[in-house]
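Listing of target05.csv, CSV, C-alpha atoms and all ligand atoms
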chain,number,residue,atom,x,y,z
J,1,MET,CA,0.0,0.0,0.0
J,2,HIS,CA,1.7,3.2,-1.2
J,3,ARG,CA,0.6,6.7,-1.6
J,4,GLN,CA,0.5,8.1,-5.1
J,5,HIS,CA,0.4,11.5,-6.8
J,6,LEU,CA,2.7,13.9,-4.8
J,7,ASN,CA,1.5,13.0,-1.4
J,8,LEU,CA,-2.2,13.7,-2.1
J,9,ILE,CA,-4.6,11.7,0.0
J,10,PRO,CA,-7.6,11.5,-2.3
J,11,TYR,CA,-11.2,11.2,-1.0
J,12,ALA,CA,-11.6,7.9,-2.9
J,13,ARG,CA,-9.6,5.7,-5.2
J,14,GLN,CA,-9.7,2.2,-6.8
J,15,SER,CA,-7.7,-0.8,-5.7
J,16,ILE,CA,-6.3,-2.9,-8.6
J,17,SER,CA,-4.5,-6.1,-7.7
J,18,GLU,CA,-2.2,-8.3,-9.9
J,19,ALA,CA,-5.2,-10.7,-10.2
J,20,ASP,CA,-7.4,-7.9,-11.5
J,21,ILE,CA,-4.8,-7.0,-14.1
J,22,GLN,CA,-4.3,-10.7,-15.1
J,23,ALA,CA,-8.1,-11.1,-15.5
J,24,VAL,CA,-8.2,-8.2,-18.0
J,25,ILE,CA,-5.1,-9.5,-19.9
J,26,ASP,CA,-6.8,-12.9,-20.3
J,27,ILE,CA,-9.7,-11.3,-22.0
J,28,LEU,CA,-7.5,-9.3,-24.3
J,29,LYS,CA,-6.0,-12.6,-25.5
J,30,SER,CA,-9.4,-14.2,-25.9
J,31,ASP,CA,-11.9,-14.2,-28.8
J,32,TRP,CA,-14.4,-11.8,-27.2
J,33,LEU,CA,-13.7,-8.2,-26.2
J,34,THR,CA,-17.4,-7.4,-26.0
J,35,GLN,CA,-20.7,-9.3,-26.2
J,36,GLY,CA,-18.9,-12.5,-25.1
J,37,PRO,CA,-19.4,-15.0,-22.3
J,38,THR,CA,-17.8,-12.9,-19.5
J,39,ILE,CA,-20.7,-10.5,-19.3
J,40,PRO,CA,-23.3,-13.1,-18.3
J,41,ARG,CA,-20.8,-14.5,-15.8
J,42,PHE,CA,-20.4,-11.1,-14.2
J,43,GLU,CA,-24.1,-10.6,-14.2
J,44,LYS,CA,-24.8,-14.0,-12.5
J,45,MET,CA,-22.1,-13.3,-9.9
J,46,VAL,CA,-23.6,-10.0,-8.9
J,47,ALA,CA,-27.2,-11.4,-9.0
J,48,ASP,CA,-26.2,-14.4,-6.8
J,49,TYR,CA,-24.4,-12.1,-4.4
J,50,CYS,CA,-27.4,-9.9,-4.0
J,51,GLY,CA,-30.0,-12.7,-4.1
J,52,VAL,CA,-31.9,-11.2,-7.0
J,53,ARG,CA,-33.2,-13.0,-10.1
J,54,TYR,CA,-31.9,-10.9,-13.0
J,55,ALA,CA,-28.9,-8.6,-13.6
J,56,VAL,CA,-28.1,-6.4,-16.7
J,57,ALA,CA,-24.6,-5.1,-17.0
J,58,ILE,CA,-24.5,-1.6,-18.5
J,59,SER,CA,-21.9,1.0,-19.5
J,60,SER,CA,-22.5,3.3,-16.5
J,61,ALA,CA,-25.0,3.8,-13.7
J,62,THR,CA,-26.2,6.9,-15.6
J,63,ALA,CA,-27.1,4.6,-18.6
J,64,GLY,CA,-28.6,2.2,-16.1
J,65,LEU,CA,-30.8,4.9,-14.5
J,66,HIS,CA,-31.9,6.0,-18.0
J,67,ILE,CA,-33.0,2.5,-19.2
J,68,ALA,CA,-34.5,1.7,-15.8
J,69,ALA,CA,-36.7,4.8,-16.0
J,70,LEU,CA,-37.8,3.8,-19.5
J,71,ALA,CA,-38.4,0.2,-18.4
J,72,ALA,CA,-40.6,1.6,-15.6
J,73,GLY,CA,-42.7,3.2,-18.3
J,74,LEU,CA,-41.6,6.8,-17.6
J,75,GLU,CA,-42.8,9.1,-20.4
J,76,PRO,CA,-43.4,12.8,-21.1
J,77,GLY,CA,-46.1,14.0,-18.8
J,78,HIS,CA,-45.0,11.7,-16.0
J,79,LEU,CA,-43.1,12.8,-12.8
J,80,LEU,CA,-40.0,11.3,-11.2
J,81,TRP,CA,-39.0,12.2,-7.6
J,82,THR,CA,-35.6,11.8,-6.0
J,83,SER,CA,-33.4,13.2,-3.4
J,84,PRO,CA,-31.7,16.6,-3.9
J,85,ASN,CA,-28.6,15.2,-2.1
J,86,THR,CA,-27.3,13.1,-4.9
J,87,PHE,CA,-25.2,13.2,-8.1
J,88,VAL,CA,-27.1,14.9,-10.9
J,89,ALA,CA,-27.5,11.6,-12.8
J,90,SER,CA,-30.2,10.4,-10.3
J,91,ALA,CA,-32.4,13.3,-11.6
J,92,ASN,CA,-31.2,13.6,-15.2
J,93,CYS,CA,-32.7,10.2,-16.0
J,94,ALA,CA,-36.2,11.7,-15.7
J,95,LEU,CA,-35.4,14.4,-18.2
J,96,TYR,CA,-33.8,11.9,-20.6
J,97,ALA,CA,-37.1,10.1,-20.7
J,98,GLY,CA,-38.9,13.4,-21.4
J,99,ALA,CA,-40.6,13.3,-17.9
J,100,SER,CA,-40.5,16.0,-15.2
J,101,ILE,CA,-38.5,16.0,-12.0
J,102,ASP,CA,-39.1,16.9,-8.4
J,103,PHE,CA,-37.3,16.3,-5.2
J,104,VAL,CA,-38.1,15.2,-1.6
J,105,ASP,CA,-35.9,16.9,1.1
J,106,ILE,CA,-33.5,14.8,3.2
J,107,ASP,CA,-33.6,13.4,6.6
J,108,PRO,CA,-31.1,15.6,8.6
J,109,LYS,CA,-29.8,12.5,10.4
J,110,THR,CA,-29.0,10.1,7.5
J,111,TYR,CA,-28.9,12.6,4.6
J,112,ASN,CA,-31.2,10.1,2.7
J,113,LEU,CA,-34.6,11.1,1.3
J,114,ASP,CA,-36.9,11.7,4.3
J,115,VAL,CA,-39.7,9.1,4.3
J,116,GLN,CA,-42.1,11.4,6.3
J,117,LYS,CA,-41.6,14.2,3.9
J,118,LEU,CA,-42.2,11.7,1.1
J,119,ALA,CA,-45.5,10.6,2.7
J,120,ASP,CA,-46.6,14.2,3.2
J,121,LYS,CA,-45.7,15.2,-0.4
J,122,LEU,CA,-47.5,12.2,-1.8
J,123,GLU,CA,-50.6,13.0,0.1
J,124,ARG,CA,-50.6,16.6,-1.2
J,125,ALA,CA,-49.8,15.4,-4.8
J,126,ASN,CA,-52.6,12.9,-4.6
J,127,THR,CA,-55.2,15.6,-3.9
J,128,VAL,CA,-54.1,17.5,-7.0
J,129,GLY,CA,-53.6,14.5,-9.2
J,130,LYS,CA,-49.9,14.9,-9.6
J,131,LEU,CA,-48.5,11.7,-8.2
J,132,PRO,CA,-45.0,10.5,-9.4
J,133,LYS,CA,-44.7,7.5,-11.7
J,134,VAL,CA,-41.2,6.7,-10.3
J,135,VAL,CA,-39.4,7.4,-7.1
J,136,ILE,CA,-35.6,7.0,-6.9
J,137,PRO,CA,-34.3,6.6,-3.3
J,138,VAL,CA,-30.5,7.1,-3.3
J,139,HIS,CA,-28.6,5.1,-0.7
J,140,PHE,CA,-26.3,8.0,0.3
J,141,ALA,CA,-22.7,7.1,1.3
J,142,GLY,CA,-23.7,3.4,1.2
J,143,GLN,CA,-26.4,3.5,3.9
J,144,SER,CA,-29.7,2.1,2.6
J,145,CYS,CA,-32.8,4.2,2.7
J,146,PRO,CA,-35.7,2.8,4.8
J,147,MET,CA,-37.0,0.7,1.9
J,148,GLU,CA,-39.9,-1.1,3.7
J,149,PRO,CA,-41.9,2.1,4.4
J,150,ILE,CA,-41.1,3.5,1.0
J,151,ALA,CA,-42.4,0.3,-0.6
J,152,GLU,CA,-45.6,0.7,1.5
J,153,LEU,CA,-46.1,4.1,0.1
J,154,ALA,CA,-45.5,2.7,-3.4
J,155,GLN,CA,-48.3,0.2,-2.8
J,156,LYS,CA,-50.6,3.0,-1.6
J,157,TYR,CA,-49.9,5.5,-4.4
J,158,GLY,CA,-48.9,3.2,-7.2
J,159,PHE,CA,-45.5,4.4,-8.1
J,160,GLN,CA,-42.5,2.3,-9.1
J,161,ILE,CA,-39.2,2.3,-7.2
J,162,ILE,CA,-35.7,2.4,-8.7
J,163,GLU,CA,-33.0,2.3,-6.0
J,164,ASP,CA,-30.0,4.3,-6.9
J,165,ALA,CA,-27.4,2.1,-5.1
J,166,SER,CA,-24.4,3.6,-6.9
J,167,HIS,CA,-22.8,3.8,-3.4
J,168,GLY,CA,-24.4,0.7,-2.1
J,169,ILE,CA,-23.0,-2.6,-3.3
J,170,GLY,CA,-21.9,-4.6,-0.3
J,171,GLY,CA,-24.3,-2.9,2.0
J,172,TYR,CA,-27.2,-4.4,3.9
J,173,TYR,CA,-30.8,-3.5,4.8
J,174,GLN,CA,-32.7,-5.6,7.4
J,175,ASN,CA,-29.9,-8.2,7.1
J,176,GLN,CA,-30.4,-8.6,3.4
J,177,PRO,CA,-28.0,-7.4,0.7
J,178,VAL,CA,-28.8,-4.1,-1.0
J,179,GLY,CA,-29.7,-5.1,-4.6
J,180,ASN,CA,-32.1,-7.9,-3.7
J,181,CYS,CA,-35.0,-5.7,-4.9
J,182,CYS,CA,-37.2,-7.0,-2.1
J,183,TYR,CA,-38.7,-3.5,-1.7
J,184,SER,CA,-38.2,-2.1,-5.2
J,185,ASP,CA,-38.7,-2.8,-8.9
J,186,MET,CA,-35.1,-2.2,-9.9
J,187,THR,CA,-31.7,-1.4,-8.3
J,188,VAL,CA,-28.8,0.3,-10.0
J,189,PHE,CA,-25.1,0.0,-9.1
J,190,SER,CA,-22.2,2.1,-10.3
J,191,PHE,CA,-18.7,0.7,-10.9
J,192,HIS,CA,-16.9,4.0,-11.4
J,193,PRO,CA,-13.4,3.9,-9.9
J,194,VAL,CA,-14.4,6.0,-6.8
J,195,LYS,CA,-17.2,3.5,-5.9
J,196,ILE,CA,-16.9,0.2,-3.9
J,197,ILE,CA,-15.8,-2.0,-6.9
J,198,THR,CA,-14.8,-0.8,-10.3
J,199,THR,CA,-14.9,-1.7,-14.0
J,200,GLY,CA,-13.5,1.6,-15.1
J,201,GLU,CA,-16.8,2.9,-16.2
J,202,GLY,CA,-19.8,0.5,-15.7
J,203,GLY,CA,-22.8,-0.4,-13.8
J,204,MET,CA,-25.6,-2.9,-13.4
J,205,VAL,CA,-29.4,-2.9,-13.1
J,206,LEU,CA,-31.0,-5.6,-11.0
J,207,THR,CA,-34.6,-6.8,-10.9
J,208,ASN,CA,-36.8,-9.7,-9.9
J,209,GLN,CA,-39.3,-9.1,-12.7
J,210,LEU,CA,-38.9,-10.9,-16.0
J,211,ASN,CA,-40.7,-8.3,-18.1
J,212,LEU,CA,-38.4,-5.5,-16.8
J,213,TYR,CA,-35.4,-7.7,-17.4
J,214,GLU,CA,-36.4,-8.4,-21.0
J,215,LYS,CA,-37.0,-4.7,-21.6
J,216,LEU,CA,-33.7,-3.7,-20.1
J,217,ILE,CA,-31.8,-6.2,-22.3
J,218,ARG,CA,-33.5,-4.7,-25.4
J,219,LEU,CA,-32.9,-1.1,-24.4
J,220,ARG,CA,-29.2,-1.8,-23.7
J,221,THR,CA,-28.8,-2.9,-27.4
J,222,HIS,CA,-30.7,-0.6,-29.7
J,223,GLY,CA,-34.1,-2.0,-29.0
J,224,ILE,CA,-33.2,-5.0,-31.0
J,225,THR,CA,-34.5,-8.5,-30.4
J,226,ARG,CA,-34.2,-12.0,-31.7
J,227,ASP,CA,-37.0,-13.4,-29.5
J,228,PRO,CA,-39.3,-15.3,-31.9
J,229,GLN,CA,-42.3,-14.3,-29.9
J,230,LEU,CA,-41.6,-10.6,-30.5
J,231,LEU,CA,-40.8,-10.8,-34.2
J,232,THR,CA,-43.4,-9.8,-36.8
J,233,ASN,CA,-41.7,-12.2,-39.2
J,234,HIS,CA,-42.9,-15.7,-38.2
J,235,ASN,CA,-40.4,-17.5,-40.5
J,236,PRO,CA,-37.2,-15.7,-39.7
J,237,PRO,CA,-34.0,-16.5,-41.6
J,238,PRO,CA,-30.8,-17.2,-39.6
J,239,TRP,CA,-29.4,-13.6,-39.8
J,240,TYR,CA,-32.6,-12.0,-38.8
J,241,TYR,CA,-33.4,-9.5,-36.0
J,242,GLU,CA,-35.9,-6.7,-35.5
J,243,GLN,CA,-35.7,-3.4,-33.9
J,244,VAL,CA,-39.0,-3.2,-31.9
J,245,GLU,CA,-38.4,0.0,-29.9
J,246,LEU,CA,-35.8,2.8,-29.6
J,247,GLY,CA,-32.8,1.6,-27.6
J,248,TYR,CA,-29.2,2.5,-27.1
J,249,ASN,CA,-25.7,1.1,-27.1
J,250,TYR,CA,-25.3,1.0,-23.3
J,251,ARG,CA,-23.3,-2.3,-23.2
J,252,LEU,CA,-20.4,-3.1,-20.9
J,253,THR,CA,-17.4,-4.8,-22.5
J,254,ASP,CA,-16.0,-8.2,-21.7
J,255,ILE,CA,-12.8,-6.5,-20.7
J,256,GLN,CA,-14.6,-4.5,-18.1
J,257,ALA,CA,-16.7,-7.5,-17.0
J,258,ALA,CA,-13.5,-9.5,-16.3
J,259,LEU,CA,-12.3,-6.7,-14.1
J,260,GLY,CA,-15.7,-6.7,-12.4
J,261,ILE,CA,-15.6,-10.4,-11.7
J,262,SER,CA,-12.1,-10.1,-10.2
J,263,GLN,CA,-13.2,-7.1,-8.1
J,264,MET,CA,-16.4,-9.0,-6.9
J,265,GLN,CA,-14.1,-11.6,-5.4
J,266,ARG,CA,-12.6,-8.8,-3.3
J,267,LEU,CA,-15.9,-7.1,-2.4
J,268,GLU,CA,-16.1,-8.5,1.2
J,269,GLN,CA,-12.5,-7.5,1.9
J,270,PHE,CA,-13.2,-4.0,0.5
J,271,VAL,CA,-16.2,-3.4,2.6
J,272,GLU,CA,-14.7,-4.9,5.7
J,273,ARG,CA,-11.8,-2.5,5.4
J,274,ARG,CA,-14.1,0.4,4.8
J,275,ARG,CA,-16.1,-0.5,7.9
J,276,TYR,CA,-12.9,-0.7,10.0
J,277,LEU,CA,-11.7,2.7,8.8
J,278,ALA,CA,-15.1,4.3,9.3
J,279,LYS,CA,-15.2,3.0,12.9
J,280,ARG,CA,-11.7,4.2,13.4
J,281,TYR,CA,-12.7,7.7,12.2
J,282,ASP,CA,-15.7,7.6,14.6
J,283,GLU,CA,-13.3,7.0,17.5
J,284,LEU,CA,-10.6,9.4,16.4
J,285,LEU,CA,-13.0,12.3,15.7
J,286,GLN,CA,-15.4,11.9,18.6
J,287,ASP,CA,-14.2,15.0,20.5
J,288,LEU,CA,-14.0,17.3,17.6
J,289,PRO,CA,-16.7,19.9,16.8
J,290,LEU,CA,-18.2,17.7,14.1
J,291,ILE,CA,-21.4,15.7,13.5
J,292,LEU,CA,-20.3,12.2,12.7
J,293,PRO,CA,-22.2,9.9,10.3
J,294,ARG,CA,-25.3,8.4,12.0
J,295,GLN,CA,-26.4,4.9,11.1
J,296,SER,CA,-29.9,3.5,11.4
J,297,PRO,CA,-29.9,0.1,13.2
J,298,GLU,CA,-31.6,-1.7,10.3
J,299,THR,CA,-28.8,-0.8,7.9
J,300,ARG,CA,-25.2,-1.9,7.5
J,301,SER,CA,-23.4,0.6,5.2
J,302,SER,CA,-20.9,-0.3,2.5
J,303,TRP,CA,-19.2,3.0,3.5
J,304,HIS,CA,-18.7,4.5,0.1
J,305,LEU,CA,-18.2,7.9,1.8
J,306,TYR,CA,-17.4,9.1,5.3
J,307,VAL,CA,-19.1,12.5,5.6
J,308,VAL,CA,-18.8,14.8,8.6
J,309,ARG,CA,-20.7,18.0,9.3
J,310,LEU,CA,-18.9,21.0,10.8
J,311,ARG,CA,-20.4,22.4,14.0
J,312,LEU,CA,-20.0,26.0,12.6
J,313,ASP,CA,-21.3,27.4,15.9
J,314,LYS,CA,-18.2,26.0,17.6
J,315,ILE,CA,-15.6,26.7,15.0
J,316,HIS,CA,-14.0,30.0,14.2
J,317,LYS,CA,-13.6,29.3,10.5
J,318,SER,CA,-16.0,29.1,7.6
J,319,HIS,CA,-16.9,25.8,5.9
J,320,ARG,CA,-14.9,27.0,2.8
J,321,GLN,CA,-11.9,27.9,4.9
J,322,VAL,CA,-11.7,24.4,6.5
J,323,PHE,CA,-12.1,22.9,3.1
J,324,GLU,CA,-9.4,25.0,1.5
J,325,GLU,CA,-6.9,24.5,4.4
J,326,LEU,CA,-7.3,20.7,4.1
J,327,ARG,CA,-6.8,20.9,0.3
J,328,ALA,CA,-3.7,23.0,0.9
J,329,GLU,CA,-2.3,20.2,3.1
J,330,HIS,CA,-2.9,17.8,0.2
J,331,ILE,CA,-5.9,16.2,1.7
J,332,GLY,CA,-8.4,15.5,-1.1
J,333,VAL,CA,-11.5,16.3,0.8
J,334,ASN,CA,-14.7,16.6,-1.2
J,335,LEU,CA,-18.3,17.6,-0.9
J,336,HIS,CA,-21.2,15.3,-1.6
J,337,TYR,CA,-23.4,16.8,-2.8
J,338,ILE,CA,-24.2,20.3,-4.2
J,339,PRO,CA,-28.1,20.0,-4.0
J,340,VAL,CA,-29.2,19.1,-7.5
J,341,HIS,CA,-32.1,21.6,-7.5
J,342,THR,CA,-29.6,24.5,-7.1
J,343,GLN,CA,-27.6,23.6,-10.3
J,344,PRO,CA,-28.0,26.4,-12.9
J,345,TYR,CA,-29.7,23.9,-15.3
J,346,TYR,CA,-32.2,22.9,-12.6
J,347,GLN,CA,-32.8,26.5,-11.6
J,348,GLY,CA,-33.7,27.0,-15.3
J,349,LEU,CA,-36.4,24.5,-14.8
J,350,GLY,CA,-37.9,26.6,-12.0
J,351,PHE,CA,-36.2,25.3,-8.8
J,352,GLN,CA,-34.7,27.8,-6.4
J,353,TRP,CA,-32.5,28.0,-3.3
J,354,GLY,CA,-34.8,27.6,-0.4
J,355,ASP,CA,-36.8,24.8,-2.0
J,356,PHE,CA,-35.2,22.0,0.0
J,357,PRO,CA,-33.8,23.6,3.2
J,358,GLU,CA,-32.4,20.4,4.9
J,359,ALA,CA,-30.3,19.5,1.8
J,360,GLU,CA,-29.1,23.1,1.6
J,361,GLN,CA,-28.2,23.4,5.3
J,362,TYR,CA,-26.4,20.1,5.1
J,363,TYR,CA,-24.5,21.4,2.0
J,364,GLY,CA,-23.2,24.3,4.0
J,365,GLU,CA,-21.6,22.1,6.6
J,366,ALA,CA,-20.6,18.8,4.9
J,367,LEU,CA,-17.1,17.5,4.3
J,368,THR,CA,-16.2,14.1,2.8
J,369,LEU,CA,-13.0,12.7,4.3
J,370,PRO,CA,-10.8,10.3,2.5
J,371,LEU,CA,-12.0,6.7,2.7
J,372,TYR,CA,-11.0,3.8,0.5
J,373,TYR,CA,-9.6,0.3,0.7
J,374,GLU,CA,-5.9,1.2,0.4
J,375,LEU,CA,-6.1,4.2,2.9
J,376,THR,CA,-3.4,3.4,5.5
J,377,GLU,CA,-3.9,4.0,9.2
J,378,GLN,CA,-1.0,6.5,9.0
J,379,ASP,CA,-2.7,8.5,6.3
J,380,GLN,CA,-5.9,8.4,8.2
J,381,ASP,CA,-4.1,9.6,11.4
J,382,GLN,CA,-2.7,12.5,9.3
J,383,VAL,CA,-6.1,13.5,8.1
J,384,VAL,CA,-7.4,13.5,11.7
J,385,SER,CA,-4.5,15.4,13.1
J,386,LEU,CA,-4.7,18.1,10.4
J,387,LEU,CA,-8.4,18.4,11.0
J,388,ARG,CA,-7.8,18.6,14.8
J,389,ASN,CA,-5.2,21.4,14.4
J,390,LEU,CA,-7.4,23.3,12.1
J,391,LEU,CA,-10.6,23.1,14.1
J,392,PHE,CA,-9.2,24.0,17.5
K,1,LIG,C1,-21.7,7.8,-9.3
K,1,LIG,C2,-23.1,8.0,-9.2
K,1,LIG,C3,-24.0,7.9,-10.3
K,1,LIG,C4,-23.5,7.8,-11.7
K,1,LIG,O1,-22.7,6.7,-11.8
K,1,LIG,P1,-21.8,6.5,-13.2
K,1,LIG,O2,-21.5,5.0,-13.2
K,1,LIG,O3,-20.6,7.3,-13.1
K,1,LIG,O4,-22.7,6.8,-14.3
K,1,LIG,C5,-25.3,8.0,-10.1
K,1,LIG,N1,-25.8,8.2,-8.9
K,1,LIG,C6,-25.0,8.4,-7.8
K,1,LIG,C7,-25.7,8.6,-6.4
K,1,LIG,C8,-23.7,8.3,-7.9
K,1,LIG,O5,-22.9,8.4,-6.8

What would you get if you wrote out this structure as structure tokens?
Amino acid sequence: MHRQHLNLIPYARQSISEADIQAVIDILKSDWLTQGPTIPRFEKMVADYCGVRYAVAISSATAGLHIAALAAGLEPGHLLWTSPNTFVASANCALYAGASIDFVDIDPKTYNLDVQKLADKLERANTVGKLPKVVIPVHFAGQSCPMEPIAELAQKYGFQIIEDASHGIGGYYQNQPVGNCCYSDMTVFSFHPVKIITTGEGGMVLTNQLNLYEKLIRLRTHGITRDPQLLTNHNPPPWYYEQVELGYNYRLTDIQAALGISQMQRLEQFVERRRYLAKRYDELLQDLPLILPRQSPETRSSWHLYVVRLRLDKIHKSHRQVFEELRAEHIGVNLHYIPVHTQPYYQGLGFQWGDFPEAEQYYGEALTLPLYYELTEQDQDQVVSLLRNLLF
């Protein structure tokens, strides 16, 4: 374990082993660089790990959210709701589908979408006939949203649930792996290098529903099918296929899938180390003027991010100052997230500062500390001691 890039301790980074490298080389020497047998192997491996029936590997979580929204039937005139405390992709997928977007403010304890606020907003939306077609709970930092009550609301109001579990592979909710889709229609993972496991770019959509699976498979490859039951030609020649809807090229390559399989074999180890380091932060930071990440007892986080909130009432520095001083010391702190509704593009759609006050308040105080598999105790100690010097 060695530090790279001029002593910078980043907020996140991948871990690539010799076995990971060899897995990729093996594919480069094989017959199939894409659309080969490694993709279904990777899909089965993730599906089995999560205890879900179907898995569709895709080129990114963003692509996955897009086709998941389409598979859920999202169309112009429909509404999609998500959390404002997320990466823009969780909301953009609504707009790709031509639908409208709205947000539900966050729970100030977990920074996940607040279920009570969701229930209240649904009740109001119901009276004016503006219920969402899809809700996307985002498992922020790797801690699952309370999916059981969200699923109860979905039953009551008839919306579909897509879990944005870009942070969440390796996490648990009610002692079941995130991704089992017990309380949702689909779950999306990201395999970007900052996430828990990586394929470079990449992601996966999981579901227990055969009709959604078949739709996702078609949308991933141009809307093309060879399924005899879907063809208008009832005596198809051997080369034949039909495009039955408008799809995309959102495929993952076999090169990436091989890396994914190798990384999956390290998943438990990755998450165990992240848990250990998160617990270590909890202990080392407990006397600092910070709010440490709070965990609901029915979740076990995958610890994608370790986010603290500054107690600005007890610190004689601004949020920005603390941030800049840590960056000057080569600590790659980050901020997850700028509330999506405040992005200029979203303000152009009519959202404003003030619309989701909990997410905005959080944004003014949050700080993501370095956390990744290869972070050493010494580097972690350095982050803590710099933070201590700077806050007192
Ligand atoms: C990373 C991320 C995405 C997008 O993932 P990509 O694989 O980079 O497309 C979407 N949602 C959330 C919450 C993320 O953190």

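The smallest atom-to-atom distance between ligand LIG 1 (chain K) and any of J:Phe42, J:Tyr240, J:Tyr337, J:Tyr248, using all atoms listed in the file, is found for J:Tyr337.
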
Which polymer residues have any atom within 6 Å of an atom of segment 92-105 of chain J, counting only C-alpha atoms, with same-chain residues fewer than 4 positions away left out, as a PDB file with C-alpha atoms, in the coordinates of the input?
ATOM      1  CA  LEU J  65     -30.800   4.900 -14.500  1.00  0.00           C
ATOM      2  CA  HIS J  66     -31.900   6.000 -18.000  1.00  0.00           C
ATOM      3  CA  GLU J  75     -42.800   9.100 -20.400  1.00  0.00           C
ATOM      4  CA  PRO J  76     -43.400  12.800 -21.100  1.00  0.00           C
ATOM      5  CA  GLY J  77     -46.100  14.000 -18.800  1.00  0.00           C
ATOM      6  CA  HIS J  78     -45.000  11.700 -16.000  1.00  0.00           C
ATOM      7  CA  LEU J  79     -43.100  12.800 -12.800  1.00  0.00           C
ATOM      8  CA  LEU J  80     -40.000  11.300 -11.200  1.00  0.00           C
ATOM      9  CA  TRP J  81     -39.000  12.200  -7.600  1.00  0.00           C
ATOM     10  CA  THR J  82     -35.600  11.800  -6.000  1.00  0.00           C
ATOM     11  CA  SER J  83     -33.400  13.200  -3.400  1.00  0.00           C
ATOM     12  CA  PRO J  84     -31.700  16.600  -3.900  1.00  0.00           C
ATOM     13  CA  LEU J 113     -34.600  11.100   1.300  1.00  0.00           C
ATOM     14  CA  PHE J 356     -35.200  22.000   0.000  1.00  0.00           C
TER      15      PHE J 356
END

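Between atom CA of Ile291 of chain J and atom CA of Asp379 of chain J lies a distance of 21.3 Å.
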
Env. residues ligand LIG 1 (chain K) / 8 Å / all atoms listed in the file / as a VMD selection string: chain J and resid 59 to 65 86 to 90 138 to 140 164 to 167 189 to 192 194 to 195 201 to 203

In the coordinate frame of the file, compute which residues have an atom within 10 Å of (-12.2, 7.3, 11.6) when using only C-alpha atoms, and state them as a compact mmCIF listing (two decimals) with C-alpha atoms, in the coordinates of the input.
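Produced file part.txt, reproduced below:
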# COMPACT_ATOMS: atom_id res chain seq x y z
CA ARG J 274 -14.10 0.40 4.80
CA ARG J 275 -16.10 -0.50 7.90
CA TYR J 276 -12.90 -0.70 10.00
CA LEU J 277 -11.70 2.70 8.80
CA ALA J 278 -15.10 4.30 9.30
CA LYS J 279 -15.20 3.00 12.90
CA ARG J 280 -11.70 4.20 13.40
CA TYR J 281 -12.70 7.70 12.20
CA ASP J 282 -15.70 7.60 14.60
CA GLU J 283 -13.30 7.00 17.50
CA LEU J 284 -10.60 9.40 16.40
CA LEU J 285 -13.00 12.30 15.70
CA GLN J 286 -15.40 11.90 18.60
CA LEU J 292 -20.30 12.20 12.70
CA TYR J 306 -17.40 9.10 5.30
CA LEU J 369 -13.00 12.70 4.30
CA PRO J 370 -10.80 10.30 2.50
CA LEU J 371 -12.00 6.70 2.70
CA GLU J 377 -3.90 4.00 9.20
CA GLN J 380 -5.90 8.40 8.20
CA ASP J 381 -4.10 9.60 11.40
CA VAL J 383 -6.10 13.50 8.10
CA VAL J 384 -7.40 13.50 11.70

Within 9 Å of Ile315 of chain J using only C-alpha atoms, minus same-chain residues under 3 positions, as a ChimeraX atom specification: /J:289,310-312,318,391-392

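Pairwise distance (atom CA of Ala366 of chain J, atom CA of Tyr111 of chain J) equals 10.4 Å.
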
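Pairwise distance (atom CA of Ala23 of chain J, atom CA of Ile255 of chain J) equals 8.4 Å.
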
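Closest approach to Asp254 of chain J from the set J:Val205, J:Leu390, J:Ala47, J:Ile58 is made by J:Ile58, with distances taken over only C-alpha atoms.
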
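Non-sequential neighbours of Ile21 of chain J (distance at most 12 Å, separation of 4 or more positions within a chain, all atoms listed in the file) are Ser15, Ile16, Ser17, Ile25, Asp26, Ile27, Leu28, Thr199, Ile255, Gln256, Ala258, Leu259, Gly260, Ile261, Ser262 and Gln263 of chain J.
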
J:Met204, J:Leu70, J:Pro339, J:Pro146 ranked by distance to Lys44 of chain J, top pick (using all atoms listed in the file): J:Met204

Distance cut-off 10 Å, centre (-26.7, -7.3, -0.6) in file coordinates, counting only C-alpha atoms: which residues qualify? Return them as a compact mmCIF listing (two decimals) with C-alpha atoms, in the frame of the given file.
# COMPACT_ATOMS: atom_id res chain seq x y z
CA VAL J 46 -23.60 -10.00 -8.90
CA ALA J 47 -27.20 -11.40 -9.00
CA ASP J 48 -26.20 -14.40 -6.80
CA TYR J 49 -24.40 -12.10 -4.40
CA CYS J 50 -27.40 -9.90 -4.00
CA GLY J 51 -30.00 -12.70 -4.10
CA VAL J 52 -31.90 -11.20 -7.00
CA GLY J 168 -24.40 0.70 -2.10
CA ILE J 169 -23.00 -2.60 -3.30
CA GLY J 170 -21.90 -4.60 -0.30
CA GLY J 171 -24.30 -2.90 2.00
CA TYR J 172 -27.20 -4.40 3.90
CA TYR J 173 -30.80 -3.50 4.80
CA ASN J 175 -29.90 -8.20 7.10
CA GLN J 176 -30.40 -8.60 3.40
CA PRO J 177 -28.00 -7.40 0.70
CA VAL J 178 -28.80 -4.10 -1.00
CA GLY J 179 -29.70 -5.10 -4.60
CA ASN J 180 -32.10 -7.90 -3.70
CA CYS J 181 -35.00 -5.70 -4.90
CA ARG J 300 -25.20 -1.90 7.50
CA SER J 302 -20.90 -0.30 2.50

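Checking J:Gly73, J:Pro40, J:Pro228, J:Pro108 one by one against Glu365 of chain J, counting all atoms listed in the file, you find the shortest gap at J:Pro108.
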